[in-house]
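Asker: I have a structure here, written as structure tokens, and I will follow up with some questions on it.
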Amino acid sequence: QVQLVESGGALVQTGGSVRLSCATSGSTISIYGIGWFRQAPGKEREFVAAIRWGGPTPLYADSVKGRFTISTDNAENTVYLQMNSLNPEDTAVYYCAAGRFISSQRMVDAGKYDYWGQGTQVTVSS
């Protein structure tokens, strides 16, 4: 069993920065890949970024490349999403999720994840 708890959501102005945290627990968490997804009102949940513990290069959605950075703190079993140069289109509830993957490319598919956190709200004002 894996538990995920997001935190760090905030209200920021355009151009601002926010760092989200995903605290994970579970005895086998190291075999899971962790993804960040977001869902804006009236829209489908979309992939943002994903990473494996000690794994290959992280994945990013084109819309966030160069602005967002996903990273891990292995000692704390925590995954971070540093978000810079935010704009109103980034407003959404952000979720972290855990899944087991053979192929990193499958990490962009929300349906492939087994566990989800409760979400944290990020609002970017214009």
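Residue names in the structure tokens use chain letters A, B, ... in the order shown, residue numbers from 1 in each chain, and ligand numbers from 1 in the order shown.
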List as a tab-separated table every residue of segment 43-115 of chain A that is in contact with segment 9-27 of chain A, defined as an atom at most 8 Å from one of its atoms (using only C-alpha atoms), together with the nearest atom pair and the distance in Å rounded to one decimal, sorted by chain and then rising number.

Answerer:
residue	atom	partner	partner_atom	distance
A:Glu76	CA	A:Ala23	CA	7.8
A:Asn77	CA	A:Thr24	CA	5.6
A:Thr78	CA	A:Ala23	CA	4.5
A:Val79	CA	A:Cys22	CA	5.0
A:Tyr80	CA	A:Ser21	CA	4.6
A:Leu81	CA	A:Leu20	CA	5.0
A:Gln82	CA	A:Arg19	CA	4.4
A:Met83	CA	A:Val18	CA	5.2
A:Asn84	CA	A:Ser17	CA	4.4
A:Ser85	CA	A:Gly15	CA	4.2
A:Leu86	CA	A:Gly15	CA	4.9
A:Asn87	CA	A:Thr14	CA	4.8
A:Pro88	CA	A:Thr14	CA	6.6
A:Cys96	CA	A:Cys22	CA	6.4

Asker: Please provide the set of residues having any atom within 6 Å of Thr91 of chain A, restricted to only C-alpha atoms, with same-chain residues fewer than 4 positions apart removed, written as JSON, numbers by chain.

Answerer: {"A": [122, 123, 124]}

Asker: Going by DSSP on the backbone, which bits of chain A are strand (DSSP E)? Write them as a PyMOL selection string, please.

Answerer: chain A and resi 3-7+11-13+18-25+33-39+46-52+59-60+68-73+78-83+92-99+115-116+120-125

Asker: Give the answer as one residue: which of A:Ser7, A:Ser104, A:Ser125, A:Gln39 has the shortest atom-to-atom distance to Gly55 of chain A, using only C-alpha atoms?

Answerer: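 Distance minimum relative to Gly55 of chain A lands on A:Ser104.
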
Asker: Select, from A:Ser126, A:Gln118, A:Arg67, A:Thr28, the residue with the minimum atom-to-atom distance to Val2 of chain A, counting only C-alpha atoms.

Answerer: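 Result for the nearest residue to Val2 of chain A: A:Thr28.
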
Asker: Excluding Ala50 of chain A and any residue of its chain fewer than 6 positions from it, enumerate the residues within 8 Å of it, using only C-alpha atoms, and give them as a VMD selection string.

Answerer: chain A and resid 33 to 36 58 to 60 70 107 to 108

Asker: Please produce an output containing C-alpha atoms for each residue in the selection, written as an mmCIF file, in the first residue's frame.

Answerer:
data_model
loop_
_atom_site.group_PDB
_atom_site.id
_atom_site.type_symbol
_atom_site.label_atom_id
_atom_site.label_comp_id
_atom_site.auth_asym_id
_atom_site.auth_seq_id
_atom_site.Cartn_x
_atom_site.Cartn_y
_atom_site.Cartn_z
ATOM 1 C CA GLY A 33 7.309 6.056 -10.447
ATOM 2 C CA ILE A 34 5.751 9.322 -9.298
ATOM 3 C CA GLY A 35 3.809 11.623 -11.554
ATOM 4 C CA TRP A 36 2.290 15.054 -11.165
ATOM 5 C CA PRO A 58 12.309 13.002 -15.820
ATOM 6 C CA LEU A 59 9.434 13.576 -18.208
ATOM 7 C CA TYR A 60 7.658 16.895 -18.697
ATOM 8 C CA ILE A 70 10.440 17.593 -10.670
ATOM 9 C CA MET A 107 4.112 7.591 -17.077
ATOM 10 C CA VAL A 108 2.233 10.277 -19.015
#

Asker: Under the rule that only C-alpha atoms are counted, which of A:Val48, A:Ala92, A:Ala110, A:Ala98 is the nearest residue to Ser63 of chain A?

Answerer: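 Once distances to Ser63 of chain A are computed over only C-alpha atoms, the minimum belongs to A:Val48.
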
Asker: Of the candidates A:Arg52, A:Lys65, A:Lys43, A:Arg38, which one gets nearest to Arg100 of chain A if we count only C-alpha atoms?

Answerer: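 Comparing A:Arg52, A:Lys65, A:Lys43, A:Arg38 against Arg100 of chain A, the winner is A:Arg52.
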
Asker: Could you go through segment 41-117 of chain A and tell me which residues DSSP, when run on the backbone, assigns to helix (DSSP H, G or I), listing them as a list of chain:residue names?

Answerer: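 Written out, the helix (DSSP H, G or I) residues of segment 41-117 of chain A are A:Pro88, A:Glu89, A:Asp90, A:Ser104, A:Gln105, A:Arg106, A:Met107, A:Val108, A:Ala110, A:Gly111, A:Lys112.
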
Asker: One decimal, in Å: what's the spacing between atom CA of Arg106 of chain A and atom CA of Ser30 of chain A?

Answerer: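 Distance between the two atoms: 17.5 Å.
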